[in-house]
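Undergrad: Right, I'll just put the structure down here and ask away after.
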Amino acid sequence: MKHYFKSSLKVGQNGEAVFLALNPNITRLSGLKADFVSSKTNTKYELKTDTYDMTKTKNFFIERWSKPGKPGGVWQAKQSGSHVYVYFFIQNYTAFFFNIDKLLAKLETLNLDVDFKLCSVQNEGYTTLGYKIPRDLLSDVLMKKVVYEY
């Protein structure tokens, strides 16, 4: 289990480093309140790094519970004061930017527990739970999609 947790943590840290290099107008934060902040607008960003090749999946993995009883993903990001949720497919250098409030409102309109299977991802000492949500279902609340040159 420790190996998976460390590799998962490393994926997140790698994603943050790449995202930061691609977006020089933001500053990295501790990750406790948000991952990044814009020095110009004070907008706080939460980054989700996905290692899947987006050409092989039509979904986002939207984490719902990070630890038993503790909100994860977009819900946790909202509680932590983030304004923008960024879903970053690192293999494809493609980021999807969402306003947290609009994304949460959209997710609340979906019947997640009925229409989507709750998937589990094992971490050290706990299991993360989330949903595979088709990207096209969230297109109406997408702020922008950025494909970075690499």
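Letters A, B, ... mark the chains of the structure tokens in the order given; residue numbers begin at 1 per chain; ligand numbers begin at 1, in order shown.
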Find the residues near range 34-39 of chain A: any atom within 8 Å, counting only C-alpha atoms, skip ones fewer than 3 places away on the same chain, and give them as a list of chain:residue names.
TA: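 The residues that qualify are A:Glu16, A:Asn25, A:Ile26, A:Thr27, A:Arg28, A:Leu29, A:Ser30, A:Gly31, A:Asn42, A:Thr43, A:Lys44, A:Tyr45, A:Glu46, A:Leu47, A:Ala77, A:Ser80, A:Gly81, A:Ser82.
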Undergrad: From the DSSP assignment of the backbone, select every residue of range 40-74 of chain A that is strand (DSSP E), and format the answer as a PyMOL selection string.
TA: chain A and resi 44-50+59-67+70-71
Undergrad: For range 34-75 of chain A versus range 117-120 of chain A, which residues have an atom no more than 9 Å away, and what is each residue's nearest atom pair and distance in Å rounded to one decimal, using only C-alpha atoms, chain-then-number order, as a Markdown table?
TA:
| residue | atom | partner | partner_atom | distance |
| --- | --- | --- | --- | --- |
| A:Phe61 | CA | A:Cys119 | CA | 8.9 |
| A:Glu63 | CA | A:Cys119 | CA | 9.0 |
| A:Arg64 | CA | A:Leu118 | CA | 8.7 |
Undergrad: Kindly export the residues of the current selection with C-alpha atoms, as a PDB file, in the first residue's frame.
TA:
ATOM      1  CA  PHE A  61     -12.685  10.670 -12.452  1.00  0.00           C
ATOM      2  CA  GLU A  63     -13.370  12.046  -6.442  1.00  0.00           C
ATOM      3  CA  ARG A  64     -16.216  12.213  -3.921  1.00  0.00           C
TER       4      ARG A  64
END
Undergrad: Give me, as CSV, each residue of range 27-87 of chain A that comes within 7 Å of range 93-112 of chain A, together with its shortest interatomic pair and the distance in Å at one decimal, counting only C-alpha atoms, with rows ordered by chain and rising residue number.
TA:
residue,atom,partner,partner_atom,distance
A:Val74,CA,A:Ile100,CA,6.8
A:Lys78,CA,A:Ile100,CA,6.5
A:His83,CA,A:Ile100,CA,5.4
A:Val84,CA,A:Asn99,CA,4.7
A:Tyr85,CA,A:Phe98,CA,5.1
A:Val86,CA,A:Phe97,CA,4.6
A:Tyr87,CA,A:Phe96,CA,5.1
Undergrad: Just write the chosen residues, N, CA, C and O atoms, as a PDB file, in the first residue's frame.
TA:
ATOM      1  N   VAL A  74     -13.811  18.013  -5.865  1.00  0.00           N
ATOM      2  CA  VAL A  74     -14.428  19.326  -6.002  1.00  0.00           C
ATOM      3  C   VAL A  74     -15.029  19.785  -4.670  1.00  0.00           C
ATOM      4  O   VAL A  74     -14.922  20.952  -4.308  1.00  0.00           O
ATOM      5  N   LYS A  78     -13.840  23.149  -2.670  1.00  0.00           N
ATOM      6  CA  LYS A  78     -14.754  24.231  -2.295  1.00  0.00           C
ATOM      7  C   LYS A  78     -14.582  24.572  -0.817  1.00  0.00           C
ATOM      8  O   LYS A  78     -14.471  25.751  -0.444  1.00  0.00           O
ATOM      9  N   HIS A  83     -11.358  28.486  -6.033  1.00  0.00           N
ATOM     10  CA  HIS A  83     -12.345  29.076  -6.935  1.00  0.00           C
ATOM     11  C   HIS A  83     -12.462  28.297  -8.242  1.00  0.00           C
ATOM     12  O   HIS A  83     -13.520  28.268  -8.851  1.00  0.00           O
ATOM     13  N   VAL A  84     -11.340  27.717  -8.657  1.00  0.00           N
ATOM     14  CA  VAL A  84     -11.278  27.025  -9.953  1.00  0.00           C
ATOM     15  C   VAL A  84     -10.735  25.615  -9.733  1.00  0.00           C
ATOM     16  O   VAL A  84      -9.753  25.421  -9.017  1.00  0.00           O
ATOM     17  N   TYR A  85     -11.410  24.652 -10.356  1.00  0.00           N
ATOM     18  CA  TYR A  85     -10.992  23.257 -10.317  1.00  0.00           C
ATOM     19  C   TYR A  85     -10.411  22.939 -11.687  1.00  0.00           C
ATOM     20  O   TYR A  85     -11.083  23.128 -12.708  1.00  0.00           O
ATOM     21  N   VAL A  86      -9.168  22.497 -11.710  1.00  0.00           N
ATOM     22  CA  VAL A  86      -8.493  22.189 -12.970  1.00  0.00           C
ATOM     23  C   VAL A  86      -8.267  20.684 -13.053  1.00  0.00           C
ATOM     24  O   VAL A  86      -7.648  20.097 -12.161  1.00  0.00           O
ATOM     25  N   TYR A  87      -8.783  20.082 -14.106  1.00  0.00           N
ATOM     26  CA  TYR A  87      -8.592  18.657 -14.347  1.00  0.00           C
ATOM     27  C   TYR A  87      -7.550  18.546 -15.451  1.00  0.00           C
ATOM     28  O   TYR A  87      -7.795  18.966 -16.582  1.00  0.00           O
TER      29      TYR A  87
END
Undergrad: When you look at Thr127 in chain A with a cut-off of 10 Å (counting only C-alpha atoms), what residues show up, excluding the ones that are within fewer than 3 positions of it in the same chain? I need them as an MDAnalysis selection string.
TA: chainID A and resid 65:68 119:124 130
Undergrad: Under the rule that only C-alpha atoms are counted, which of A:Lys58, A:Val114, A:Leu20, A:Phe89 is the nearest residue to Leu137 in chain A?
TA: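 Smallest distance to Leu137 in chain A is found for A:Lys58.
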Undergrad: With only C-alpha atoms as the atoms that count, which of A:Ala17, A:Val146, A:Met54, A:Leu32 lies nearest to Pro134 in chain A?
TA: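 Among the listed residues, the smallest separation from Pro134 in chain A belongs to A:Met54.
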Undergrad: CA of Thr51 in chain A to CA of Ile90 in chain A: how many Å, to one decimal?
TA: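 One can read the CA of Thr51 in chain A to CA of Ile90 in chain A distance as 5.8 Å.
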Undergrad: Please report, as a PyMOL selection string, each residue of chain A to which DSSP assigns alpha helix (DSSP H) when run on this structure's backbone.
TA: chain A and resi 2-22+73-79+100-109+112-115
Undergrad: With only C-alpha atoms as the atoms that count, which of A:Leu22, A:Gln13, A:Tyr148, A:Thr41 lies nearest to Asn92 in chain A?
TA: A:Tyr148
